[in-house]
Each structure stands twice: as structure tokens, then as C-alpha cells.
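Peer 1: Sharing protein.txt below, compact mmCIF, C-alpha atoms and all ligand atoms:
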# COMPACT_ATOMS: atom_id res chain seq x y z
CA MET R 1036 18.95 11.64 -20.40
CA THR R 1037 20.46 13.92 -17.76
CA PRO R 1038 19.85 12.82 -14.19
CA THR R 1039 18.01 15.23 -11.89
CA PRO R 1040 20.78 17.19 -10.10
CA ALA R 1041 21.12 16.34 -6.42
CA SER R 1042 20.38 19.28 -4.18
CA ASP R 1043 22.00 19.70 -0.77
CA THR R 1044 19.14 18.13 1.13
CA ALA R 1045 21.34 17.02 4.03
CA GLY R 1046 22.55 20.61 4.36
CA GLN R 1047 18.93 21.81 4.45
CA ALA R 1048 18.18 19.38 7.29
CA ARG R 1049 21.22 20.63 9.22
CA GLY R 1050 20.25 24.27 8.60
CA LEU R 1051 16.70 23.66 9.80
CA PHE R 1052 18.05 21.89 12.86
CA ARG R 1053 20.19 24.90 13.72
CA GLU R 1054 17.16 27.21 13.34
CA LEU R 1055 15.22 24.95 15.70
CA THR R 1056 17.82 24.53 18.42
CA GLY R 1057 20.48 27.18 17.88
CA ALA R 1058 23.15 24.44 17.76
CA GLY R 1059 24.42 21.74 15.40
CA PRO R 1060 23.02 18.17 15.37
CA ALA R 1061 24.75 15.12 16.85
CA GLY R 1062 24.48 13.39 13.46
CA THR R 1063 22.57 13.04 10.22
CA TRP R 1064 20.86 9.96 8.81
CA SER R 1065 18.96 9.36 5.58
CA ALA R 1066 16.74 6.81 3.86
CA PRO R 1067 15.64 6.49 0.23
CA GLY R 1068 12.34 6.27 -1.58
CA ARG R 1069 11.81 3.31 -3.88
CA VAL R 1070 10.64 2.25 -7.29
CA ASN R 1071 8.91 -1.09 -7.52
CA LEU R 1072 10.13 -2.91 -10.63
CA ILE R 1073 7.32 -5.48 -10.41
CA GLY R 1074 5.03 -7.08 -7.80
CA GLU R 1075 2.18 -4.68 -7.04
CA HIS R 1076 -0.36 -5.22 -4.25
CA THR R 1077 1.25 -8.56 -3.56
CA ASP R 1078 2.99 -7.55 -0.31
CA TYR R 1079 -0.06 -7.57 1.98
CA ASN R 1080 -1.07 -10.89 0.37
CA ASP R 1081 2.12 -12.53 1.73
CA GLY R 1082 3.47 -12.59 -1.83
CA PHE R 1083 6.58 -11.49 -3.74
CA VAL R 1084 7.90 -8.05 -4.70
CA LEU R 1085 10.97 -6.72 -6.51
CA PRO R 1086 11.56 -3.08 -5.57
CA PHE R 1087 14.78 -1.07 -5.52
CA ALA R 1088 15.89 1.97 -3.53
CA ILE R 1089 16.34 5.19 -5.54
CA PRO R 1090 18.82 8.07 -5.08
CA PHE R 1091 16.11 10.43 -3.76
CA ARG R 1092 16.31 10.50 0.03
CA THR R 1093 14.87 11.97 3.20
CA HIS R 1094 17.56 13.36 5.51
CA VAL R 1095 17.23 13.96 9.21
CA ALA R 1096 19.51 15.91 11.53
CA LEU R 1097 19.13 14.82 15.15
CA ALA R 1098 20.39 15.52 18.65
CA PRO R 1099 19.26 13.69 21.76
CA ARG R 1100 17.46 15.45 24.61
CA THR R 1101 17.26 14.48 28.27
CA ASP R 1102 13.77 15.73 29.15
CA GLY R 1103 11.64 13.08 27.40
CA ILE R 1104 10.44 15.54 24.73
CA LEU R 1105 10.36 14.56 21.06
CA ARG R 1106 10.34 17.57 18.75
CA VAL R 1107 10.12 17.28 14.95
CA VAL R 1108 10.25 19.91 12.22
CA SER R 1109 10.35 19.65 8.45
CA THR R 1110 11.07 21.92 5.51
CA PHE R 1111 7.52 21.09 4.33
CA ASP R 1112 5.97 22.61 7.46
CA PRO R 1113 8.41 24.60 9.56
CA VAL R 1114 6.09 24.74 12.59
CA PRO R 1115 7.70 22.29 15.06
CA VAL R 1116 5.54 19.54 16.55
CA GLU R 1117 6.33 18.54 20.11
CA VAL R 1118 5.15 15.65 22.30
CA HIS R 1119 6.33 14.02 25.49
CA LEU R 1120 7.32 10.40 24.88
CA THR R 1121 5.01 9.27 27.68
CA ASP R 1122 2.05 10.73 25.72
CA LEU R 1123 2.64 8.65 22.57
CA ASP R 1124 0.53 5.71 23.78
CA ALA R 1125 -2.44 8.01 24.27
CA LEU R 1126 -2.02 9.56 20.82
CA PHE R 1127 -1.61 6.42 18.72
CA PRO R 1128 -3.77 5.16 17.29
CA ALA R 1129 -6.82 6.65 19.06
CA ARG R 1130 -6.04 10.37 18.87
CA ARG R 1131 -3.77 10.47 15.82
CA ASP R 1132 -5.99 13.15 14.24
CA GLU R 1133 -4.58 15.64 16.75
CA VAL R 1134 -1.11 15.28 15.19
CA PRO R 1135 -0.38 17.17 11.92
CA GLU R 1136 -0.43 14.62 9.13
CA TRP R 1137 3.25 14.66 8.18
CA ALA R 1138 4.33 14.41 11.84
CA ARG R 1139 2.37 11.17 12.31
CA TYR R 1140 5.20 9.41 10.44
CA PRO R 1141 8.17 10.33 12.67
CA LEU R 1142 6.16 10.36 15.92
CA GLY R 1143 4.51 7.08 14.92
CA ILE R 1144 7.95 5.59 14.32
CA ALA R 1145 9.12 6.63 17.81
CA TRP R 1146 6.01 5.02 19.28
CA ALA R 1147 6.44 1.81 17.19
CA LEU R 1148 10.17 1.54 18.04
CA LEU R 1149 9.56 1.77 21.79
CA HIS R 1150 7.00 -1.03 21.54
CA ALA R 1151 9.08 -3.19 19.20
CA SER R 1152 12.11 -2.98 21.49
CA GLY R 1153 10.18 -3.29 24.75
CA THR R 1154 11.56 0.06 25.90
CA ALA R 1155 9.64 2.19 28.39
CA ALA R 1156 9.10 5.80 27.28
CA GLY R 1157 10.84 6.94 30.48
CA ASP R 1158 14.02 5.00 29.64
CA VAL R 1159 15.03 7.14 26.64
CA GLY R 1160 15.63 10.85 26.80
CA GLY R 1161 13.80 12.30 23.79
CA ALA R 1162 15.28 14.01 20.73
CA ASP R 1163 15.09 16.96 18.33
CA LEU R 1164 14.78 16.00 14.64
CA ALA R 1165 14.81 18.23 11.56
CA PHE R 1166 13.81 16.74 8.18
CA ALA R 1167 14.45 17.67 4.57
CA SER R 1168 13.60 15.45 1.62
CA ASP R 1169 14.02 15.35 -2.13
CA VAL R 1170 11.71 12.34 -2.61
CA PRO R 1171 8.73 13.59 -4.66
CA VAL R 1172 5.60 13.44 -2.48
CA GLY R 1173 2.50 11.65 -3.78
CA ALA R 1174 4.38 10.31 -6.80
CA GLY R 1175 4.24 6.65 -5.78
CA LEU R 1176 7.94 6.70 -4.90
CA SER R 1177 7.44 6.13 -1.17
CA SER R 1178 8.30 9.44 0.39
CA SER R 1179 6.59 7.94 3.44
CA ALA R 1180 8.98 4.97 3.69
CA ALA R 1181 11.87 7.42 3.34
CA ILE R 1182 10.81 9.52 6.33
CA GLU R 1183 10.04 6.35 8.29
CA GLY R 1184 13.43 4.80 7.48
CA ALA R 1185 15.38 7.96 8.27
CA THR R 1186 13.58 8.36 11.60
CA ALA R 1187 13.89 4.69 12.51
CA THR R 1188 17.63 4.43 11.87
CA ALA R 1189 18.33 7.76 13.60
CA LEU R 1190 16.30 7.01 16.74
CA ALA R 1191 17.40 3.37 16.99
CA ASP R 1192 21.07 4.46 16.83
CA THR R 1193 20.60 7.36 19.22
CA TRP R 1194 18.58 5.42 21.79
CA GLY R 1195 20.73 2.27 21.46
CA LEU R 1196 17.74 0.06 20.59
CA ASP R 1197 18.54 -3.54 19.75
CA LEU R 1198 16.56 -3.77 16.49
CA ASP R 1199 17.80 -5.13 13.17
CA ARG R 1200 16.82 -3.73 9.76
CA VAL R 1201 13.82 -5.99 9.37
CA ALA R 1202 12.56 -4.87 12.79
CA LEU R 1203 13.03 -1.23 11.72
CA ALA R 1204 11.05 -1.93 8.53
CA ARG R 1205 8.29 -3.56 10.59
CA ALA R 1206 8.20 -0.49 12.84
CA GLY R 1207 7.71 1.56 9.67
CA ARG R 1208 4.73 -0.53 8.66
CA THR R 1209 3.26 -0.28 12.18
CA ALA R 1210 3.61 3.51 12.09
CA GLU R 1211 1.98 3.67 8.67
CA ASN R 1212 -0.89 1.31 9.58
CA GLU R 1213 -1.62 2.55 13.10
CA ALA R 1214 -0.29 6.10 13.42
CA VAL R 1215 -1.08 7.28 9.87
CA GLY R 1216 -4.00 4.93 9.22
CA ALA R 1217 -2.91 3.64 5.78
CA PRO R 1218 -3.44 -0.15 5.50
CA THR R 1219 -0.25 -0.71 3.48
CA GLY R 1220 2.14 -3.68 3.35
CA ILE R 1221 5.86 -3.82 4.10
CA MET R 1222 7.46 -3.57 0.64
CA ASP R 1223 8.39 0.10 0.77
CA GLN R 1224 10.01 -0.03 4.19
CA MET R 1225 12.03 -3.15 3.32
CA ALA R 1226 13.26 -1.59 0.07
CA SER R 1227 14.24 1.61 1.88
CA MET R 1228 16.12 -0.35 4.54
CA LEU R 1229 17.86 -2.95 2.36
CA GLY R 1230 18.52 -1.16 -0.95
CA GLU R 1231 21.85 -1.68 -2.73
CA ALA R 1232 23.51 -0.08 -5.74
CA ASP R 1233 22.49 -1.60 -9.09
CA ALA R 1234 20.28 -4.19 -7.41
CA ALA R 1235 16.65 -4.90 -6.62
CA ILE R 1236 15.43 -6.58 -3.44
CA PHE R 1237 13.55 -9.81 -4.11
CA LEU R 1238 11.39 -10.07 -1.04
CA ASP R 1239 9.19 -12.87 0.19
CA CYS R 1240 6.63 -10.88 2.14
CA ARG R 1241 5.54 -13.91 4.17
CA THR R 1242 8.94 -14.79 5.63
CA LEU R 1243 10.58 -11.40 4.97
CA ALA R 1244 13.54 -13.29 3.49
CA ALA R 1245 15.28 -10.94 1.06
CA GLU R 1246 17.65 -11.67 -1.81
CA VAL R 1247 19.65 -9.11 -3.74
CA VAL R 1248 19.14 -9.37 -7.52
CA THR R 1249 21.48 -7.49 -9.85
CA LEU R 1250 19.62 -5.22 -12.25
CA GLY R 1251 22.46 -4.48 -14.68
CA PHE R 1252 20.55 -1.77 -16.57
CA ASP R 1253 23.63 0.39 -17.19
CA ALA R 1254 25.80 -2.52 -18.31
CA ALA R 1255 23.10 -3.49 -20.82
CA GLY R 1256 22.88 0.06 -22.22
CA LEU R 1257 19.47 0.60 -20.60
CA GLU R 1258 17.90 3.26 -18.43
CA LEU R 1259 14.89 3.12 -16.20
CA ILE R 1260 12.88 6.32 -16.38
CA VAL R 1261 10.19 7.49 -14.00
CA ILE R 1262 7.18 9.32 -15.42
CA ASP R 1263 5.56 11.17 -12.55
CA THR R 1264 2.06 11.99 -13.76
CA GLY R 1265 1.51 14.57 -11.03
CA VAL R 1266 -1.81 12.88 -10.15
CA LYS R 1267 -1.74 12.75 -6.34
CA HIS R 1268 -3.04 9.80 -4.36
CA SER R 1269 -3.35 8.78 -0.74
CA HIS R 1270 -3.45 5.23 0.57
CA ALA R 1271 -5.13 6.27 3.82
CA THR R 1272 -8.40 6.75 1.95
CA GLY R 1273 -10.59 4.77 -0.44
CA GLY R 1274 -9.35 2.50 -3.16
CA TYR R 1275 -6.27 0.97 -1.57
CA GLY R 1276 -8.21 -0.37 1.43
CA GLU R 1277 -11.01 -1.63 -0.84
CA ARG R 1278 -8.52 -3.62 -2.90
CA ARG R 1279 -7.07 -5.12 0.25
CA ALA R 1280 -10.55 -6.10 1.46
CA ALA R 1281 -11.30 -7.79 -1.89
CA CYS R 1282 -8.10 -9.84 -1.56
CA GLU R 1283 -9.13 -10.92 1.92
CA ARG R 1284 -12.55 -11.97 0.61
CA GLY R 1285 -10.87 -14.04 -2.09
CA ALA R 1286 -8.55 -15.76 0.39
CA ALA R 1287 -11.50 -16.54 2.68
CA ALA R 1288 -13.50 -18.00 -0.22
CA LEU R 1289 -10.64 -20.40 -0.96
CA ASP R 1290 -10.03 -21.03 2.73
CA VAL R 1291 -6.35 -20.05 2.60
CA ALA R 1292 -4.37 -17.78 4.92
CA ALA R 1293 -3.45 -15.37 2.11
CA LEU R 1294 -3.55 -15.14 -1.69
CA ARG R 1295 0.10 -16.21 -1.68
CA ASP R 1296 -1.31 -19.71 -1.24
CA VAL R 1297 -3.37 -19.55 -4.44
CA THR R 1298 -2.01 -20.61 -7.83
CA VAL R 1299 -3.20 -19.93 -11.36
CA ALA R 1300 -4.62 -23.47 -11.41
CA ASP R 1301 -6.93 -22.60 -8.47
CA LEU R 1302 -8.58 -19.71 -10.31
CA PRO R 1303 -11.38 -21.64 -12.06
CA ARG R 1304 -12.49 -23.00 -8.67
CA LEU R 1305 -12.57 -19.45 -7.29
CA SER R 1306 -14.71 -18.12 -10.14
CA GLU R 1307 -17.63 -20.25 -8.91
CA ARG R 1308 -17.39 -18.87 -5.39
CA VAL R 1309 -16.98 -15.10 -5.69
CA ASP R 1310 -18.35 -12.23 -7.74
CA ASP R 1311 -16.61 -11.08 -10.91
CA VAL R 1312 -14.90 -8.07 -9.30
CA THR R 1313 -13.41 -10.13 -6.46
CA PHE R 1314 -12.33 -12.76 -8.98
CA ARG R 1315 -10.43 -10.21 -11.07
CA ARG R 1316 -8.77 -8.70 -7.99
CA VAL R 1317 -7.54 -12.14 -7.00
CA ARG R 1318 -6.43 -12.97 -10.53
CA HIS R 1319 -4.23 -9.88 -10.55
CA VAL R 1320 -2.48 -10.86 -7.32
CA VAL R 1321 -2.02 -14.51 -8.29
CA THR R 1322 -0.64 -13.74 -11.75
CA GLU R 1323 1.48 -10.86 -10.42
CA ASN R 1324 3.19 -13.17 -7.93
CA ARG R 1325 4.05 -15.44 -10.86
CA ARG R 1326 5.39 -12.48 -12.85
CA VAL R 1327 7.71 -11.48 -9.99
CA LEU R 1328 9.18 -14.99 -9.85
CA ASP R 1329 9.54 -15.00 -13.64
CA THR R 1330 11.22 -11.58 -13.64
CA VAL R 1331 13.78 -12.69 -11.06
CA GLU R 1332 14.53 -15.79 -13.10
CA VAL R 1333 14.85 -13.84 -16.36
CA LEU R 1334 17.09 -11.19 -14.76
CA ARG R 1335 19.38 -13.87 -13.39
CA ASP R 1336 19.47 -16.03 -16.52
CA SER R 1337 19.29 -13.53 -19.37
CA GLY R 1338 19.60 -10.00 -17.97
CA PRO R 1339 17.31 -6.97 -18.10
CA THR R 1340 16.78 -6.63 -21.86
CA VAL R 1341 14.13 -9.38 -21.81
CA ILE R 1342 11.97 -8.40 -18.83
CA GLY R 1343 9.89 -5.91 -20.85
CA ASP R 1344 6.93 -8.18 -21.62
CA LEU R 1345 6.53 -9.00 -17.93
CA LEU R 1346 6.32 -5.30 -17.10
CA VAL R 1347 3.73 -4.77 -19.82
CA ALA R 1348 1.64 -7.73 -18.62
CA SER R 1349 1.81 -6.38 -15.07
CA HIS R 1350 0.43 -3.04 -16.20
CA ALA R 1351 -2.42 -4.64 -18.15
CA SER R 1352 -3.36 -6.68 -15.09
CA MET R 1353 -3.44 -3.58 -12.88
CA ARG R 1354 -5.43 -1.66 -15.47
CA ASP R 1355 -8.00 -4.34 -16.29
CA ASP R 1356 -8.20 -6.70 -13.31
CA PHE R 1357 -7.12 -4.69 -10.26
CA GLU R 1358 -8.40 -1.41 -11.73
CA ILE R 1359 -5.93 0.88 -9.99
CA SER R 1360 -4.56 2.71 -13.02
CA VAL R 1361 -5.71 6.16 -14.18
CA PRO R 1362 -5.82 7.58 -17.75
CA GLU R 1363 -2.55 9.49 -17.21
CA LEU R 1364 -0.72 6.29 -16.24
CA ASP R 1365 -2.17 4.34 -19.18
CA THR R 1366 -1.20 7.16 -21.54
CA ALA R 1367 2.35 7.22 -20.16
CA VAL R 1368 2.72 3.46 -20.61
CA GLU R 1369 1.21 3.36 -24.10
CA ALA R 1370 3.21 6.34 -25.38
CA ALA R 1371 6.45 4.95 -23.95
CA LEU R 1372 5.89 1.54 -25.55
CA THR R 1373 4.94 3.07 -28.92
CA ALA R 1374 8.13 5.15 -28.81
CA GLY R 1375 10.26 2.05 -28.32
CA ALA R 1376 10.42 1.35 -24.57
CA LEU R 1377 11.20 -2.31 -23.85
CA GLY R 1378 8.58 -2.36 -21.11
CA ALA R 1379 6.52 0.03 -19.01
CA ARG R 1380 4.05 -0.13 -16.14
CA MET R 1381 2.59 1.96 -13.38
CA THR R 1382 4.51 1.56 -10.12
CA GLY R 1383 3.34 1.78 -6.50
CA GLY R 1384 -0.13 1.69 -5.04
CA GLY R 1385 -1.92 3.26 -8.00
CA PHE R 1386 -4.76 5.80 -8.39
CA GLY R 1387 -2.10 8.28 -9.53
CA GLY R 1388 1.62 8.60 -8.99
CA ALA R 1389 4.23 7.37 -11.44
CA ALA R 1390 4.87 4.93 -14.25
CA ILE R 1391 8.26 3.45 -15.09
CA ALA R 1392 9.65 2.68 -18.53
CA LEU R 1393 12.68 0.57 -19.38
CA VAL R 1394 14.39 2.19 -22.35
CA SER R 1395 17.64 2.01 -24.27
CA ARG R 1396 19.99 4.78 -23.19
CA ASP R 1397 20.02 6.16 -26.73
CA GLY R 1398 16.24 6.11 -27.02
CA ALA R 1399 15.45 7.63 -23.60
CA ASP R 1400 15.02 11.22 -24.78
CA ALA R 1401 12.72 10.17 -27.64
CA VAL R 1402 10.53 8.16 -25.25
CA ALA R 1403 10.32 11.08 -22.82
CA GLU R 1404 9.41 13.43 -25.66
CA ALA R 1405 6.72 11.06 -26.94
CA VAL R 1406 5.17 10.85 -23.47
CA ARG R 1407 5.17 14.64 -23.10
CA THR R 1408 3.50 15.00 -26.49
CA ALA R 1409 0.85 12.41 -25.65
CA PHE R 1410 0.09 14.17 -22.34
CA ASP R 1411 -0.25 17.45 -24.17
CA GLU R 1412 -2.60 15.92 -26.75
CA HIS R 1413 -4.80 14.49 -23.99
CA GLY R 1414 -4.89 17.83 -22.16
CA PHE R 1415 -3.02 16.39 -19.15
CA ALA R 1416 -0.61 18.52 -17.11
CA ALA R 1417 3.04 18.04 -18.18
CA PRO R 1418 4.60 14.99 -16.50
CA HIS R 1419 7.90 15.09 -14.63
CA ILE R 1420 10.25 12.60 -16.30
CA PHE R 1421 13.64 11.56 -14.92
CA PRO R 1422 15.93 8.51 -14.85
CA VAL R 1423 16.62 6.55 -11.65
CA THR R 1424 19.33 4.12 -10.67
CA ALA R 1425 19.29 1.69 -7.77
CA GLY R 1426 21.07 3.05 -4.72
CA PRO R 1427 21.86 2.20 -1.11
CA GLY R 1428 19.36 1.84 1.74
CA ALA R 1429 18.96 3.74 4.99
CA GLY R 1430 21.90 4.65 7.19
CA ARG R 1431 23.93 7.18 9.13
CA ASP R 1432 25.69 9.76 6.95
CA ASP R 1433 27.78 11.66 9.51
C1 LIG Z 1501 1.98 1.11 -1.60
C2 LIG Z 1501 2.11 0.39 -0.27
C3 LIG Z 1501 2.89 -0.92 -0.43
C4 LIG Z 1501 2.34 -1.76 -1.57
C5 LIG Z 1501 2.15 -0.91 -2.83
C6 LIG Z 1501 1.47 -1.67 -3.92
O1 LIG Z 1501 3.22 1.55 -2.04
O2 LIG Z 1501 2.77 1.21 0.68
O3 LIG Z 1501 2.89 -1.61 0.79
O4 LIG Z 1501 1.16 -2.40 -1.18
O5 LIG Z 1501 1.40 0.26 -2.57
O6 LIG Z 1501 2.28 -2.68 -4.39
Render the structure in this file as C-alpha cells.
Ligand code: GLA
Peer 2:
Amino acid sequence: MTPTPASDTAGQARGLFRELTGAGPAGTWSAPGRVNLIGEHTDYNDGFVLPFAIPFRTHVALAPRTDGILRVVSTFDPVPVEVHLTDLDALFPARRDEVPEWARYPLGIAWALLHASGTAAGDVGGADLAFASDVPVGAGLSSSAAIEGATATALADTWGLDLDRVALARAGRTAENEAVGAPTGIMDQMASMLGEADAAIFLDCRTLAAEVVTLGFDAAGLELIVIDTGVKHSHATGGYGERRAACERGAAALDVAALRDVTVADLPRLSERVDDVTFRRVRHVVTENRRVLDTVEVLRDSGPTVIGDLLVASHASMRDDFEISVPELDTAVEAALTAGALGARMTGGGFGGAAIALVSRDGADAVAEAVRTAFDEHGFAAPHIFPVTAGPGAGRDD
């Protein structure tokens, strides 16, 4: 299958910057979106995840200012948004609704970075930032972590903040939770910060210890394809927060700090203490943690050709127990498997977005065609299907 051609997104960010300021930027930075191979809704339960960074990135062109003003503009909404750094504390979280939605990410990052580094707003000069991104929005590929990571690396470099990559990822989660109002975990930000070519990041979300695990898809003659259903979702509303609340109820019923501390053997005890829905939510998280550990072991011992069943089991658990799939995602997974995919599952927070399928390189086109046909037969809008490889994390480009 032919990869989606890379557009000159960095050039677009530089062009937009020049329109904004009339001059060139001091530098450009970028950060990727991510695909989660396995480990869904485990991050905020202190559990395990196995995401990788993808070649789609958000680019930012930046120059520092000396007047304390932070000005952001994006190709998605070319009206610049401007705040004084000393006003950030008043805006976030209480008055975040006054900030255009997309701008809550970069401005929220600035606010979170100042707090994380113990820097007074008056001690840094401000900045102009222009963004362009080729990460599909609302596809479950973490366009939000990409804008957070690009902003965090650019501002931390420019302002000389003493924050390591984990601290930058934490600032991303703070911005998302407090400035945007989405109660998400830290998987996406860690993947965007730590990504490496041909590798996934095996992350313990309790300790934030990360190990690099080789994927080896290409060497094994495999491809990982993304099936973007086009069904948009938002984690700032509804289902995501409800799932998180159910997990917290389950942990409280078992008197543990987080579902990370629950094993499959504890489940019968739980079933006597909570309602059926809460029980199934917990069972998803507990079994999913196990599947992440198993996937890491299988990848290391036997390589990627034998992880398919774990991906399939993960999807079934999200569909039946966690109930975050939608008919388009189930159709994508079923059609891909019927057409010969080794494994397939929805990826990301759910309620829309994308599925992934692990396919042989030779069979990739046939799988994509089968999925398109199935969507057509169900009357769904045509999906956007493309292969992804694992690429590097956030950083300065020039
Ligand atoms: C979204 C969130 C993540 C994670 C996933 C589900 O992507 O941003 O923190 O919870 O959903 O695994």
C-alpha cells in the first residue's frame, strides 16, 4: 500500500508565522500523533500501554517576544489568539471557555509549563507561535498530544525551562485535563515525547517508567494500517469521563488505589460488590493490562506475526465490556479479519476515530478494499485507510 505523501507542513507553519509577524521564526519544532498498539483506557488506571509515535506531526514556528504576550495562530483558524502571560492563571481552569477551543491546548501548555518549572509569568518574555499539522483531527490519533508536544518542546527550549521529557508530557496532561477539560490519562503525551523509529513505548503509567520495544513489522513483511472511520469524538464530553468514573467505583469497591492493583483472580470477589456494568468496565481494564504485558512478551520472544489474537481480544473487550466501540469500528475490524488481517482493533479513546489492522504487506490492499466494500454495504461514509510506521518523538527541527 502506498504511504500517504508527506506535505510540507513545516513550510506551512513558517509561512503562517511570516504572515503573522512579517519576519521569519527563530526555529521550528514538531511532535507526532500516536497509534496505540494495545492497552486502552488503562493509563488513568495506573496500568500499562504500548503506543507508538506516527509520522504525522504538528509543526510550530516560534520566535520569542519581550513584552510578556503569547500569541498563537493555526492553519485551522487563522485568527490569532493573544494573551498576556500574567493572565493565564485567571483563565485556567476557571475561564477557559473564553479561549477558542483549539487555543486552549497551546495556551494551556504555557500555563502548565510555568507551574511545573516554578517560573513566574514575569520571568519569561512571551512568544509568537504559528501551527500547522497533518495529524488527522478527531481520528483517535492524538492530534491533541501532537500540538501539546510541539508547544511544550518549543517553549521549554525558548524559555530555558529545566524540564525533562516526562515533565513535558505531564504538562501536556495538565493542559488537557485543566485547560481543555478532558479527563484523559498520560499515554498520548508520553508516546509523542518518547517515540522512536520501528519501536513502541511500553509504559508503566504508575511509575512512568518507559521501555522501548522493537515492533519489527517491516522486517516480518507486515504493515500496520489505520482505518479512520471518520466518526468524530471528543473526550471532553460524555462517555470517556463516565468510563473513568466507573473504573474509580470499581477500585473503591475493592479498596485499592487504582485498577492496576486488581488481577483477574480478584474479579469474582468484585462481582459480588458492584453492579454488572461496573463489573464489566473493570474486567476490561484488568484483562487489558494483562494483554499489554502478554503483547510485550510475545513481541520480544516471537516477533509481531503472533500478536494478532491479543489485538482481537482487546477489541472484543472494548466492544462488549467497556462498550466504547461504534458500528463503524466493529465493521472495520470484522472486515479486516475476514480479509486476512492477522489482528485488528479500535485504537484510542473510542466512540469513533480509527481502527488498526496488522496485515501482510502483500495482503494490505485486499484488506483495505474489503473494508471499503463493507462500509459501502452498511451505508457508512468511505473510510480513510493508510499505513503507518513508528517514528521519532517530539523535538526541534531547525
Ligand atoms: C485517549 C486519552 C488517553 C487514553 C486513551 C484510551 O486517547 O487521551 O489518555 O486514555 O484515550 O486508551
Peer 1: Residues at most 10 Å from ligand LIG 1501 (chain Z), using only C-alpha atoms and all ligand atoms? Could they come as a PyMOL selection string?
Peer 2: chain R and resi 1069-1071+1073-1080+1083-1086+1175-1180+1208+1211-1212+1217-1225+1269-1271+1275-1276+1278-1279+1320+1359+1382-1385
Peer 1: From the set R:Ala1048, R:Ala1234, R:Leu1190, R:Val1215, which residue has the shortest atom-to-atom contact distance to Leu1148 (chain R), counting all atoms listed in the file?
Peer 2: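 That would be R:Leu1190, the residue with the smallest distance to Leu1148 (chain R).
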Peer 1: Here is a test: counting only C-alpha atoms, which residue of R:Val1170, R:Ala1191, R:Leu1345, R:Val1312 is nearest to Arg1326 (chain R)?
Peer 2: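 Of all the options, R:Leu1345 lies closest to Arg1326 (chain R).
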Peer 1: Smallest atom-to-atom distance to Leu1072 (chain R): which of R:Leu1126, R:Ala1376, R:Ala1286, R:Leu1250, using all atoms listed in the file?
Peer 2: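 Nearest to Leu1072 (chain R): R:Leu1250.
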Peer 1: Which one is closest to Thr1154 (chain R): R:Asp1311, R:Glu1183, R:Asp1365, R:Asp1197? Count all atoms listed in the file.
Peer 2: R:Asp1197
Peer 1: Set the distance at 10 Å and use only C-alpha atoms: which residues neighbour Gly1082 (chain R) once local chain neighbours fewer than 5 positions away are removed? I'd like the list as a list in words.
Peer 2: Gly1074, Glu1075, His1076, Thr1077, Leu1238, Asp1239, Cys1240, Arg1241, Thr1242, Leu1243, Ala1293, Leu1294, Arg1295, Asp1296, Val1320, Val1321, Glu1323, Asn1324, Arg1325 and Val1327 of chain R
Peer 1: Write the residues you've just listed into a file as a PDB file, in the frame of the given file, and include C-alpha atoms for each of them.
Peer 2:
ATOM      1  CA  GLY R1074       5.030  -7.080  -7.800  1.00  0.00           C
ATOM      2  CA  GLU R1075       2.180  -4.680  -7.040  1.00  0.00           C
ATOM      3  CA  HIS R1076      -0.360  -5.220  -4.250  1.00  0.00           C
ATOM      4  CA  THR R1077       1.250  -8.560  -3.560  1.00  0.00           C
ATOM      5  CA  LEU R1238      11.390 -10.070  -1.040  1.00  0.00           C
ATOM      6  CA  ASP R1239       9.190 -12.870   0.190  1.00  0.00           C
ATOM      7  CA  CYS R1240       6.630 -10.880   2.140  1.00  0.00           C
ATOM      8  CA  ARG R1241       5.540 -13.910   4.170  1.00  0.00           C
ATOM      9  CA  THR R1242       8.940 -14.790   5.630  1.00  0.00           C
ATOM     10  CA  LEU R1243      10.580 -11.400   4.970  1.00  0.00           C
ATOM     11  CA  ALA R1293      -3.450 -15.370   2.110  1.00  0.00           C
ATOM     12  CA  LEU R1294      -3.550 -15.140  -1.690  1.00  0.00           C
ATOM     13  CA  ARG R1295       0.100 -16.210  -1.680  1.00  0.00           C
ATOM     14  CA  ASP R1296      -1.310 -19.710  -1.240  1.00  0.00           C
ATOM     15  CA  VAL R1320      -2.480 -10.860  -7.320  1.00  0.00           C
ATOM     16  CA  VAL R1321      -2.020 -14.510  -8.290  1.00  0.00           C
ATOM     17  CA  GLU R1323       1.480 -10.860 -10.420  1.00  0.00           C
ATOM     18  CA  ASN R1324       3.190 -13.170  -7.930  1.00  0.00           C
ATOM     19  CA  ARG R1325       4.050 -15.440 -10.860  1.00  0.00           C
ATOM     20  CA  VAL R1327       7.710 -11.480  -9.990  1.00  0.00           C
TER      21      VAL R1327
END
Peer 1: Box for region 1310-1320 of chain R: with edges along x, y and z, all listed atoms inside and 8 Å added on each side, what are the centre and edge lengths in Å to one decimal, as JSON?
Peer 2:
{"center_x": -10.4, "center_y": -10.5, "center_z": -8.8, "size_x": 31.9, "size_y": 20.9, "size_z": 20.6}
Peer 1: Nearest to Gly1216 (chain R): which of R:Glu1246, R:Thr1121, R:Ala1129, R:Asp1344 is it, counting only C-alpha atoms?
Peer 2: R:Ala1129
Peer 1: Please identify all polymer residues within 8 Å of Pro1099 (chain R), counting only C-alpha atoms, omitting same-chain residues fewer than 6 positions from it, and present them as a PyMOL selection string.
Peer 2: chain R and resi 1061+1160-1163+1193
Peer 1: Tell me, as a ChimeraX atom specification, which residues lie within 10 Å of Val1095 (chain R), counting all atoms listed in the file; anything in the same chain fewer than 5 positions away does not count.
Peer 2: /R:1044-1049,1051-1052,1060,1062-1066,1107-1109,1163-1168,1182,1185-1186,1188-1189,1431-1432
Peer 1: So what do you get for CA of His1319 (chain R) versus CA of Asp1356 (chain R), distance-wise?
Peer 2: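 Interatomic distance, CA of His1319 (chain R) to CA of Asp1356 (chain R): 5.8 Å.
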Peer 1: For Ala1371 (chain R), which of R:Phe1111, R:Phe1410, R:Phe1127, R:Phe1091 is the closest residue, counting all atoms listed in the file?
Peer 2: R:Phe1410
Peer 1: Name the residues in contact with Leu1203 (chain R) at a cut-off of 8 Å, using all atoms listed in the file, excluding same-chain residues fewer than 4 positions from it; report them as a ChimeraX atom specification.
Peer 2: /R:1148,1184,1187-1188,1198-1199,1207,1228
Peer 1: Name the residues in contact with His1350 (chain R) at a cut-off of 9 Å, using all atoms listed in the file, excluding same-chain residues fewer than 6 positions from it; report them as a VMD selection string.
Peer 2: chain R and resid 1360 1365 1368 1379 to 1382
Peer 1: Have a look at CA of Ala1405 (chain R) and CA of Ile1089 (chain R) and let me know their distance in Å, one decimal.
Peer 2: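 For CA of Ala1405 (chain R) relative to CA of Ile1089 (chain R), the distance reads 24.2 Å.
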Peer 1: How many Å separate CA of Arg1200 (chain R) from CA of Ala1244 (chain R)?
Peer 2: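 So the two atoms, CA of Arg1200 (chain R) and CA of Ala1244 (chain R), lie 11.9 Å apart.
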